[in-house]
>>> print(open('work-v4.cif').read())   # mmCIF, C-alpha atoms
data_target
loop_
_atom_site.label_atom_id
_atom_site.label_comp_id
_atom_site.auth_asym_id
_atom_site.auth_seq_id
_atom_site.Cartn_x
_atom_site.Cartn_y
_atom_site.Cartn_z
CA MET A 1 109.26 107.03 90.73
CA SER A 2 108.36 103.56 89.48
CA SER A 3 110.18 100.29 89.71
CA ALA A 4 112.57 99.47 86.94
CA ALA A 5 111.37 95.88 86.98
CA GLU A 6 107.76 96.11 85.86
CA ILE A 7 105.69 93.01 86.48
CA GLY A 8 103.52 91.99 83.53
CA TYR A 9 100.50 89.73 83.14
CA GLU A 10 99.83 86.09 82.31
CA VAL A 11 96.77 84.00 81.46
CA VAL A 12 95.97 80.92 83.57
CA ARG A 13 92.92 78.81 82.67
CA GLY A 14 91.50 81.74 80.75
CA VAL A 15 91.94 84.17 83.66
CA THR A 16 94.30 87.14 83.27
CA LEU A 17 96.53 87.39 86.34
CA ARG A 18 99.43 89.58 87.30
CA ALA A 19 102.62 87.66 86.59
CA ASN A 20 104.55 86.22 89.52
CA PRO A 21 106.38 88.48 91.94
CA ALA A 22 110.08 87.69 92.39
CA ARG A 23 110.99 84.59 94.39
CA ASP A 24 114.44 83.25 95.16
CA PRO A 25 115.61 79.88 93.85
CA ARG A 26 114.75 78.03 97.04
CA PHE A 27 111.08 78.19 96.06
CA THR A 28 109.28 76.02 93.53
CA VAL A 29 106.60 78.29 92.12
CA VAL A 30 103.69 76.59 90.35
CA GLY A 31 101.05 78.25 88.21
CA ASP A 32 98.11 75.94 88.72
CA GLN A 33 96.40 74.80 91.91
CA SER A 34 96.50 71.21 90.69
CA GLU A 35 100.32 71.30 91.04
CA MET A 36 100.15 71.98 94.78
CA VAL A 37 100.69 68.99 97.06
CA THR A 38 97.77 67.24 98.73
CA LEU A 39 98.58 65.58 102.05
CA GLU A 40 96.69 63.64 104.68
CA PRO A 41 95.35 66.28 107.12
CA GLY A 42 96.90 66.32 110.56
CA THR A 43 100.13 64.55 109.60
CA PRO A 44 103.43 66.25 110.52
CA GLU A 45 104.17 66.83 106.85
CA SER A 46 100.75 68.39 106.21
CA LEU A 47 101.19 70.71 109.19
CA ARG A 48 104.51 71.89 107.79
CA GLU A 49 102.84 72.41 104.43
CA LEU A 50 100.16 74.54 106.11
CA LEU A 51 102.84 76.72 107.68
CA HIS A 52 104.81 76.89 104.43
CA THR A 53 101.69 78.01 102.55
CA SER A 54 100.92 80.54 105.27
CA ILE A 55 104.38 82.04 104.84
CA ASN A 56 103.86 82.57 101.12
CA ASN A 57 100.34 83.89 101.67
CA GLU A 58 101.70 86.52 104.04
CA VAL A 59 104.48 87.40 101.61
CA GLN A 60 101.85 87.88 98.91
CA SER A 61 99.80 90.12 101.21
CA LEU A 62 102.92 92.20 101.83
CA GLU A 63 103.52 92.43 98.09
CA VAL A 64 99.91 93.38 97.33
CA ALA A 65 99.93 96.22 99.87
CA ALA A 66 103.33 97.42 98.66
CA GLN A 67 102.27 97.32 95.02
CA SER A 68 99.17 99.38 95.84
CA LEU A 69 101.42 102.02 97.39
CA VAL A 70 103.38 102.10 94.14
CA GLU A 71 100.48 102.03 91.70
CA PHE A 72 98.18 104.50 93.48
CA PRO A 73 100.43 107.41 94.50
CA ASP A 74 97.46 109.81 94.54
CA ALA A 75 95.46 107.78 97.08
CA PRO A 76 94.55 109.66 100.28
CA TRP A 77 97.57 109.84 102.55
CA ASP A 78 95.77 108.24 105.49
CA LEU A 79 94.89 105.25 103.31
CA ARG A 80 98.51 104.97 102.18
CA MET A 81 99.49 104.95 105.86
CA CYS A 82 97.16 102.00 106.44
CA LEU A 83 98.75 100.13 103.52
CA ALA A 84 102.24 100.92 104.82
CA ARG A 85 101.34 99.62 108.26
CA GLN A 86 99.91 96.49 106.67
CA CYS A 87 103.27 95.93 104.96
CA TRP A 88 105.01 95.81 108.32
CA ASP A 89 102.35 93.55 109.83
CA GLU A 90 102.67 91.04 107.00
CA THR A 91 106.47 90.88 107.43
CA ARG A 92 105.94 90.09 111.12
CA HIS A 93 103.50 87.35 110.19
CA VAL A 94 106.05 85.79 107.84
CA HIS A 95 108.64 85.73 110.63
CA MET A 96 106.13 84.17 113.03
CA PHE A 97 105.08 81.38 110.65
CA LEU A 98 108.69 80.81 109.54
CA SER A 99 109.73 80.34 113.15
CA ARG A 100 107.01 77.72 113.61
CA LEU A 101 107.97 75.98 110.36
CA LEU A 102 111.63 75.77 111.35
CA ASP A 103 110.69 74.61 114.82
CA ARG A 104 108.74 71.73 113.30
CA GLY A 105 111.71 70.71 111.17
CA GLY A 106 110.58 72.33 107.94
CA TRP A 107 112.45 74.67 105.62
CA ILE A 108 111.89 77.30 102.99
CA GLY A 109 111.21 75.57 99.69
CA GLU A 110 110.05 72.30 101.21
CA PHE A 111 106.74 72.52 99.31
CA PRO A 112 105.56 74.19 96.10
CA ILE A 113 103.99 77.63 96.33
CA ILE A 114 101.47 79.47 94.17
CA ASN A 115 100.98 83.22 93.90
CA GLN A 116 97.37 83.47 92.71
CA GLU A 117 96.32 85.87 95.48
CA TRP A 118 98.90 88.36 94.22
CA GLY A 119 98.02 87.51 90.61
CA THR A 120 94.33 88.10 91.16
CA VAL A 121 94.46 91.26 93.26
CA CYS A 122 97.23 93.02 91.37
CA SER A 123 95.46 92.48 88.05
CA ILE A 124 92.69 94.80 89.36
CA GLU A 125 93.12 98.34 88.10
CA SER A 126 91.39 100.41 90.80
CA LEU A 127 92.38 100.75 94.43
CA ALA A 128 88.78 100.58 95.64
CA ALA A 129 88.26 97.26 93.90
CA ARG A 130 91.58 95.95 95.25
CA LEU A 131 90.46 96.83 98.77
CA ALA A 132 87.13 95.09 98.11
CA VAL A 133 88.92 91.92 97.04
CA GLN A 134 92.08 91.83 99.16
CA ASN A 135 90.95 93.38 102.43
CA VAL A 136 87.17 92.95 102.51
CA THR A 137 87.00 89.54 100.79
CA PHE A 138 90.30 87.65 101.25
CA GLU A 139 91.35 89.12 104.61
CA ALA A 140 87.78 88.98 105.92
CA GLY A 141 87.67 85.35 104.87
CA SER A 142 90.88 84.78 106.76
CA LEU A 143 89.11 85.92 109.95
CA ASP A 144 86.92 82.82 109.66
CA VAL A 145 89.76 80.50 108.65
CA LEU A 146 92.18 81.73 111.32
CA LYS A 147 89.66 81.34 114.11
CA GLN A 148 89.10 77.76 113.05
CA GLY A 149 92.87 77.36 112.78
CA ILE A 150 93.40 78.23 116.43
CA ALA A 151 91.16 75.34 117.48
CA LEU A 152 92.73 72.96 114.98
CA TRP A 153 96.33 73.68 116.05
CA LEU A 154 95.36 73.32 119.71
CA GLY A 155 93.81 69.99 118.79
CA TRP A 156 97.07 68.97 117.10
CA GLY A 157 98.88 69.78 120.37
CA ASP A 158 100.69 72.86 119.08
CA ALA A 159 99.69 75.73 121.37
CA GLU A 160 102.57 77.88 120.13
CA THR A 161 101.31 77.91 116.57
CA ALA A 162 97.78 78.51 117.87
CA GLY A 163 99.17 81.58 119.67
CA VAL A 164 100.80 82.81 116.48
CA ILE A 165 97.51 82.46 114.61
CA GLU A 166 95.68 84.33 117.36
CA ALA A 167 98.15 87.24 116.98
CA VAL A 168 97.80 87.19 113.19
CA LEU A 169 94.01 87.15 113.49
CA ALA A 170 94.06 90.30 115.64
CA ASP A 171 96.10 92.08 112.95
CA GLU A 172 93.84 90.89 110.14
CA ILE A 173 90.84 92.46 111.88
CA GLY A 174 92.59 95.82 111.48
CA HIS A 175 93.40 95.16 107.82
CA THR A 176 89.81 94.22 107.10
CA ARG A 177 88.49 97.21 109.01
CA PHE A 178 90.58 99.81 107.20
CA GLY A 179 89.78 98.18 103.87
CA ASP A 180 86.05 98.28 104.56
CA THR A 181 86.17 101.84 105.92
CA TRP A 182 88.11 103.17 102.95
CA LEU A 183 86.04 101.20 100.47
CA LYS A 184 82.91 102.90 101.80
CA THR A 185 84.64 106.28 101.73
CA LEU A 186 85.81 105.86 98.14
CA GLN A 187 82.37 104.68 97.03
CA THR A 188 80.42 107.48 98.70
CA GLY A 189 78.95 109.76 96.06
CA ASN A 190 80.84 107.96 93.33
CA PRO A 191 78.61 105.45 91.48
CA ARG A 192 81.36 104.72 89.00
CA VAL A 193 83.51 103.30 91.82
CA VAL A 194 80.53 101.26 93.08
CA LEU A 195 79.97 99.78 89.63
CA ASP A 196 83.66 99.01 89.25
CA VAL A 197 83.71 97.17 92.59
CA VAL A 198 80.58 95.17 91.70
CA ARG A 199 82.04 94.26 88.33
CA THR A 200 85.34 93.22 89.92
CA LEU A 201 83.67 91.04 92.55
CA SER A 202 81.59 89.39 89.85
CA GLY A 203 84.76 88.68 87.89
CA LEU A 204 86.41 87.34 91.03
CA ARG A 205 83.72 84.71 91.42
CA ARG A 206 84.21 83.58 87.84
CA ALA A 207 87.99 83.52 88.32
CA ALA A 208 87.70 81.49 91.53
CA VAL A 209 85.69 78.83 89.70
CA ALA A 210 88.05 78.79 86.73
CA LEU A 211 91.22 78.57 88.83
CA ALA A 212 90.02 75.89 91.26
CA PRO A 213 91.14 72.32 90.49
CA PRO A 214 88.25 70.28 89.04
CA ASP A 215 88.23 67.80 91.95
CA GLU A 216 88.67 70.35 94.73
CA ALA A 217 86.72 69.46 97.84
CA LEU A 218 85.11 72.48 99.50
CA HIS A 219 85.11 72.72 103.27
CA GLU A 220 82.62 74.86 105.09
CA VAL A 221 84.22 77.29 107.51
CA ALA A 222 82.13 78.77 110.31
CA VAL A 223 81.61 82.51 110.12
CA ASN A 224 83.68 84.32 112.75
CA SER A 225 80.90 86.74 113.64
CA ALA A 226 82.65 88.38 116.58
CA ASP A 227 85.79 89.36 114.69
CA ARG A 228 83.84 90.33 111.57
CA ALA A 229 81.84 92.67 113.78
CA LEU A 230 85.10 94.13 115.18
CA ALA A 231 86.18 94.72 111.60
CA GLY A 232 82.91 96.52 110.92
CA LEU A 233 81.53 93.84 108.62
CA ASP A 234 78.11 92.29 108.41
CA ALA A 235 78.62 88.95 110.18
CA GLY A 236 76.30 87.14 107.80
CA GLY A 237 78.14 88.10 104.65
CA ARG A 238 79.95 85.24 102.88
CA ASP A 239 82.46 85.67 100.14
CA PRO A 240 84.94 83.67 98.06
CA GLY A 241 87.65 84.38 100.62
CA SER A 242 85.99 82.18 103.20
CA ARG A 243 85.88 79.27 100.84
CA GLN A 244 88.66 76.76 101.52
CA MET B 1 122.39 132.24 110.68
CA SER B 2 119.36 130.43 112.05
CA LEU B 3 116.39 129.47 109.87
CA ASN B 4 113.14 131.40 109.95
CA VAL B 5 109.70 129.79 109.93
CA ASN B 6 109.35 129.82 106.15
CA GLU B 7 112.76 128.24 105.69
CA ARG B 8 112.11 125.64 108.35
CA GLY B 9 108.83 124.82 106.63
CA ASP B 10 110.66 124.29 103.36
CA TYR B 11 113.15 121.96 105.04
CA VAL B 12 110.38 119.96 106.67
CA ALA B 13 108.41 119.73 103.42
CA THR B 14 111.56 118.62 101.59
CA PHE B 15 112.33 115.96 104.17
CA ARG B 16 108.75 114.73 103.83
CA TRP B 17 109.07 114.58 100.04
CA ILE B 18 112.19 112.45 100.47
CA GLU B 19 110.64 110.09 103.03
CA VAL B 20 107.58 109.54 100.80
CA ARG B 21 109.88 108.68 97.86
CA LEU B 22 111.87 106.30 100.05
CA MET B 23 108.61 104.62 101.08
CA GLU B 24 107.61 104.27 97.43
CA THR B 25 111.05 103.01 96.45
CA LEU B 26 110.98 100.27 99.08
CA ALA B 27 107.41 99.41 98.11
CA ALA B 28 108.44 99.05 94.47
CA TRP B 29 111.37 96.87 95.45
CA VAL B 30 109.31 94.45 97.59
CA PRO B 31 107.63 92.45 94.79
CA THR B 32 110.67 92.72 92.51
CA THR B 33 113.33 91.54 94.97
CA PRO B 34 113.68 87.75 94.91
CA GLU B 35 115.44 87.15 98.23
CA MET B 36 112.80 86.69 100.92
CA GLU B 37 114.94 87.99 103.78
CA VAL B 38 115.58 91.24 101.91
CA LYS B 39 111.96 91.54 100.85
CA LEU B 40 110.93 91.37 104.51
CA VAL B 41 113.38 94.06 105.65
CA PHE B 42 112.27 96.38 102.83
CA GLY B 43 108.65 95.67 103.76
CA ALA B 44 109.16 96.51 107.42
CA HIS B 45 110.97 99.74 106.57
CA ILE B 46 108.09 100.90 104.37
CA TRP B 47 106.22 101.51 107.62
CA ASP B 48 109.15 103.38 109.16
CA THR B 49 109.51 105.75 106.23
CA ALA B 50 105.72 106.23 106.09
CA GLN B 51 105.68 107.24 109.75
CA HIS B 52 108.55 109.66 109.18
CA ALA B 53 106.69 111.23 106.27
CA ASP B 54 103.53 111.42 108.35
CA MET B 55 105.21 113.15 111.29
CA LEU B 56 106.93 115.64 109.00
CA GLY B 57 103.72 116.28 107.07
CA LYS B 58 101.86 117.10 110.26
CA ARG B 59 104.68 119.35 111.41
CA ALA B 60 104.54 121.19 108.07
CA ALA B 61 101.00 122.26 108.93
CA GLU B 62 102.37 123.90 112.07
CA LEU B 63 104.79 125.96 110.00
CA ARG B 64 102.24 127.89 107.94
CA LEU B 65 102.07 125.20 105.27
CA PRO B 66 99.25 122.90 104.17
CA MET B 67 98.92 119.57 105.98
CA HIS B 68 101.39 117.08 104.49
CA ASP B 69 102.94 119.69 102.27
CA GLU B 70 105.77 118.38 100.12
CA LEU B 71 108.59 120.21 98.41
CA ALA B 72 110.74 118.49 95.81
CA PRO B 73 114.47 118.87 96.46
CA SER B 74 116.96 120.13 93.90
CA PRO B 75 116.97 118.43 90.47
CA GLY B 76 120.26 116.73 91.29
CA ALA B 77 118.73 115.14 94.38
CA THR B 78 115.52 114.06 92.65
CA ASP B 79 117.54 112.58 89.80
CA LEU B 80 119.80 110.66 92.17
CA LEU B 81 116.85 109.26 94.12
CA ALA B 82 115.15 108.24 90.86
CA GLU B 83 118.36 106.56 89.72
CA ILE B 84 118.56 104.64 92.98
CA ALA B 85 114.88 103.64 92.77
CA ALA B 86 115.57 102.17 89.32
CA ILE B 87 118.29 99.81 90.59
CA THR B 88 117.36 96.19 89.92
CA GLU B 89 120.16 94.17 91.55
CA THR B 90 119.45 93.21 95.15
CA ASP B 91 122.99 93.77 96.43
CA LYS B 92 123.05 97.27 94.95
CA ARG B 93 119.58 98.05 96.30
CA VAL B 94 120.69 97.11 99.81
CA ALA B 95 123.99 98.98 99.54
CA ALA B 96 122.42 102.09 98.03
CA PHE B 97 119.64 102.33 100.58
CA TYR B 98 121.45 101.40 103.78
CA ASN B 99 125.00 102.52 103.04
CA CYS B 100 124.28 105.67 101.09
CA VAL B 101 120.72 107.05 101.28
CA LEU B 102 120.07 106.56 104.99
CA PRO B 103 123.50 107.78 106.20
CA ALA B 104 123.29 110.80 103.89
CA LEU B 105 119.80 111.63 105.08
CA GLU B 106 120.94 111.27 108.67
CA THR B 107 123.68 113.80 107.98
CA ARG B 108 121.14 116.21 106.51
CA TYR B 109 118.81 115.80 109.50
CA ARG B 110 121.71 116.45 111.91
CA ASP B 111 122.78 119.47 109.90
CA TYR B 112 119.26 120.81 110.23
CA LEU B 113 119.31 120.26 114.00
CA ASP B 114 122.55 122.22 114.19
CA ARG B 115 120.91 125.16 112.43
CA VAL B 116 117.76 125.59 114.51
CA ASP B 117 117.02 126.74 118.01
CA GLN B 118 115.99 123.76 120.14
CA LEU B 119 113.25 125.80 121.77
CA LEU B 120 111.93 127.84 118.84
CA ASP B 121 111.74 124.75 116.63
CA GLY B 122 111.22 122.24 119.44
CA PRO B 123 108.45 120.24 117.74
CA THR B 124 110.56 119.65 114.60
CA VAL B 125 113.54 118.71 116.76
CA ARG B 126 111.43 116.09 118.54
CA VAL B 127 110.20 114.69 115.21
CA ILE B 128 113.73 114.44 113.83
CA ASP B 129 115.06 112.91 117.05
CA ARG B 130 112.48 110.15 116.67
CA ILE B 131 113.33 109.68 113.01
CA LEU B 132 117.05 109.41 113.83
CA ALA B 133 116.31 106.76 116.44
CA ASP B 134 114.31 104.80 113.84
CA MET B 135 117.08 105.19 111.29
CA ALA B 136 119.61 103.79 113.75
CA ARG B 137 117.41 100.72 114.21
CA MET B 138 116.91 100.40 110.46
CA GLY B 139 120.68 100.44 110.02
CA THR B 140 121.08 97.75 112.66
CA GLU B 141 118.46 95.62 110.94
CA ALA B 142 120.31 96.03 107.64
CA VAL B 143 123.52 94.82 109.28
CA GLN B 144 121.65 91.81 110.68
CA LEU B 145 120.24 91.16 107.21
CA LEU B 146 123.72 91.01 105.71
CA GLU B 147 124.79 88.58 108.42
CA GLU B 148 121.75 86.42 107.71
CA ALA B 149 122.01 86.66 103.93
CA PRO B 150 125.68 87.41 103.08
CA ALA B 151 125.01 86.75 99.40
CA VAL B 152 123.28 90.14 99.11
CA ARG B 153 126.32 92.03 100.40
CA LEU B 154 127.76 94.11 97.55
CA ALA B 155 131.31 92.98 96.88
CA ASP B 156 132.29 96.21 95.15
CA ASP B 157 132.71 98.85 97.86
CA SER B 158 133.82 101.38 95.28
CA TRP B 159 130.32 101.42 93.76
CA THR B 160 128.82 102.53 97.08
CA ALA B 161 131.64 104.99 97.68
CA GLU B 162 130.99 106.61 94.32
CA LEU B 163 127.27 106.89 95.10
CA ARG B 164 128.06 108.51 98.44
CA ARG B 165 130.47 110.90 96.79
CA ARG B 166 127.80 111.95 94.31
CA GLU B 167 125.29 112.47 97.10
CA ALA B 168 127.71 114.59 99.11
CA GLU B 169 128.41 116.71 96.04
CA LEU B 170 124.75 117.70 95.88
CA GLY B 171 125.31 120.15 98.69
CA GLN B 172 122.22 122.14 99.62
CA ILE B 173 119.14 120.31 98.32
CA VAL B 174 116.29 122.42 99.74
CA VAL B 175 114.80 124.70 97.08
CA HIS B 176 113.27 127.57 99.04
CA ARG B 177 109.97 128.91 97.75
CA ARG B 178 110.27 132.36 99.29
CA PRO B 179 113.19 134.68 99.77
CA ALA B 180 114.97 134.17 103.06
CA GLU B 181 113.73 136.56 105.74
CA PRO B 182 116.06 136.08 108.68
CA VAL B 183 114.94 137.47 111.99
CA ALA B 184 117.66 139.72 113.31
CA GLY B 185 119.24 138.47 116.48
CA ALA B 186 117.47 135.13 116.46
CA LYS B 187 119.63 132.05 116.62
#
>>> encode(input="work-v4.cif", output="structure tokens")
Amino acid sequence: MSSAAEIGYEVVRGVTLRANPARDPRFTVVGDQSEMVTLEPGTPESLRELLHTSINNEVQSLEVAAQSLVEFPDAPWDLRMCLARQCWDETRHVHMFLSRLLDRGGWIGEFPIINQEWGTVCSIESLAARLAVQNVTFEAGSLDVLKQGIALWLGWGDAETAGVIEAVLADEIGHTRFGDTWLKTLQTGNPRVVLDVVRTLSGLRRAAVALAPPDEALHEVAVNSADRALAGLDAGGRDPGSRQ
Amino acid sequence: MSLNVNERGDYVATFRWIEVRLMETLAAWVPTTPEMEVKLVFGAHIWDTAQHADMLGKRAAELRLPMHDELAPSPGATDLLAEIAAITETDKRVAAFYNCVLPALETRYRDYLDRVDQLLDGPTVRVIDRILADMARMGTEAVQLLEEAPAVRLADDSWTAELRRREAELGQIVVHRRPAEPVAGAK
């Protein structure tokens, strides 16, 4: 039983991405990172933009997990259960960040959004490789970013948002953990899956370079060793997901 | 006439098949539904339907069936669910799922409860009781959605009524795999 509205593909800066998921007219969807707004960090407007971007990131994570349920109907049932649970978690995260955005005077559609996380992950054809990218790279990277975010929001005097991020971080540990566990399971005794994952991660690095704006400044984010360990990851491992 | 173990297993496996398809339908609708509020409700209910399927699948293994056994319902039912899954308009998706599919499934669950002994089939009764409680909450959340986003309320009630009529006309949807072997005297 597949969706009547199939989502195709598009090419951005030479990288083939899944075309945009549906968004309502309130949103301004851009296709290139250079079209996103750049604001002075720590200003009220930039904090709203952070929350607005977080909302769309969580929506994309919901859509990625949902699409994997659709496109891999023969995946082990227990893995499908993990993806289904992730769907619910991501909807809760959207509500949490939306509440903070509204509380700070923002609104849906206030800033442009970009759907490259969806575009990148859903262009990958195997579930193992999607888990490697979405859960073990992007979500693992978010463990580092979110931990830093708690301190930043506290520093900006917004303990409520810091509390939201703490709750989101706890959920992301679970998403990373199940991704890592199932990735190992799917790879065990199956060198073809291992090669596919390696090839996909190699392509991801090339895509990250191609899609980044030429003048993007990279910020080092400290590795969140404790939460990576809870997720079952090697604390020393770095990946494109922790690059901001 | 009460249902024997084989028949109860077929019902449970059929209900699981339906819940898995509902999960997949909602999952397919999430990226293809523009309205964010609707997308979020569909996304949350993916987890509800997955849990229902999981509970039923585990119960199937207690009724002499493989773990997570599934049994496709009658062709009319599979066709109707496929037709609903293929809906593209948001207002019709919401109306079909919350005003037709869920109420109809609730009726079928309640009909099953009426046909089994609460003690003999106690574990299935508990599973379905929990599912019905979830479905009541899902219905409430759909009502709240329509209050929050009235634009996705289907204006044409006759469309939903026709869908419900077609669902009701399906009648019995469980396709039993073995001949019925009723136990004499058992309720």
>>> interface_residues(input="work-v4.cif", of="chain B", to="chain A", cutoff="7 Å", atoms="all atoms listed in the file", output="PyMOL selection string")
chain B and resi 24+27-36+40+43-44+46-47+50+82+85-88
>>> residues_around(input="work-v4.cif", residues="Arg8 (chain B)", least_positions_apart="5", cutoff="10 Å", atoms="only C-alpha atoms", output="MDAnalysis selection string")
chainID B and resid 2:3 13:14 60 63 112 115:116 121 124 176
>>> closest_residue(input="work-v4.cif", among="B:Glu62, B:Glu167, B:Glu83, B:Glu106", to="Met138 (chain B)", atoms="all atoms listed in the file")
B:Glu106
>>> atom_distance(input="work-v4.cif", atom1="CA of Ala104 (chain B)", atom2="CA of Val125 (chain B)")
18.0 Å
>>> closest_residue(input="work-v4.cif", among="B:Arg130, B:His52, B:Arg164, B:Arg153", to="Leu80 (chain B)", atoms="all atoms listed in the file")
B:Arg164
>>> residues_around(input="work-v4.cif", residues="Leu170 (chain B)", least_positions_apart="5", cutoff="9 Å", atoms="only C-alpha atoms", output="PyMOL selection string")
chain B and resi 74+76-77+165
>>> atom_distance(input="work-v4.cif", atom1="CA of Asn190 (chain A)", atom2="CA of Val136 (chain A)")
18.7 Å
>>> closest_residue(input="work-v4.cif", among="B:Ala61, B:Pro73, B:Asp129, B:Asn99", to="Val143 (chain B)", atoms="all atoms listed in the file")
B:Asn99
>>> residues_near_point(input="work-v4.cif", point="(124.7, 91.1, 104.5)", cutoff="12 Å", atoms="all atoms listed in the file", output="list in words")
Glu35, Glu37, Val38, Val41, Thr90, Asp91, Lys92, Arg93, Val94, Ala95, Tyr98, Asn99, Gly139, Thr140, Glu141, Ala142, Val143, Gln144, Leu145, Leu146, Glu147, Glu148, Ala149, Pro150, Ala151, Val152, Arg153, Leu154 and Ala155 of chain B
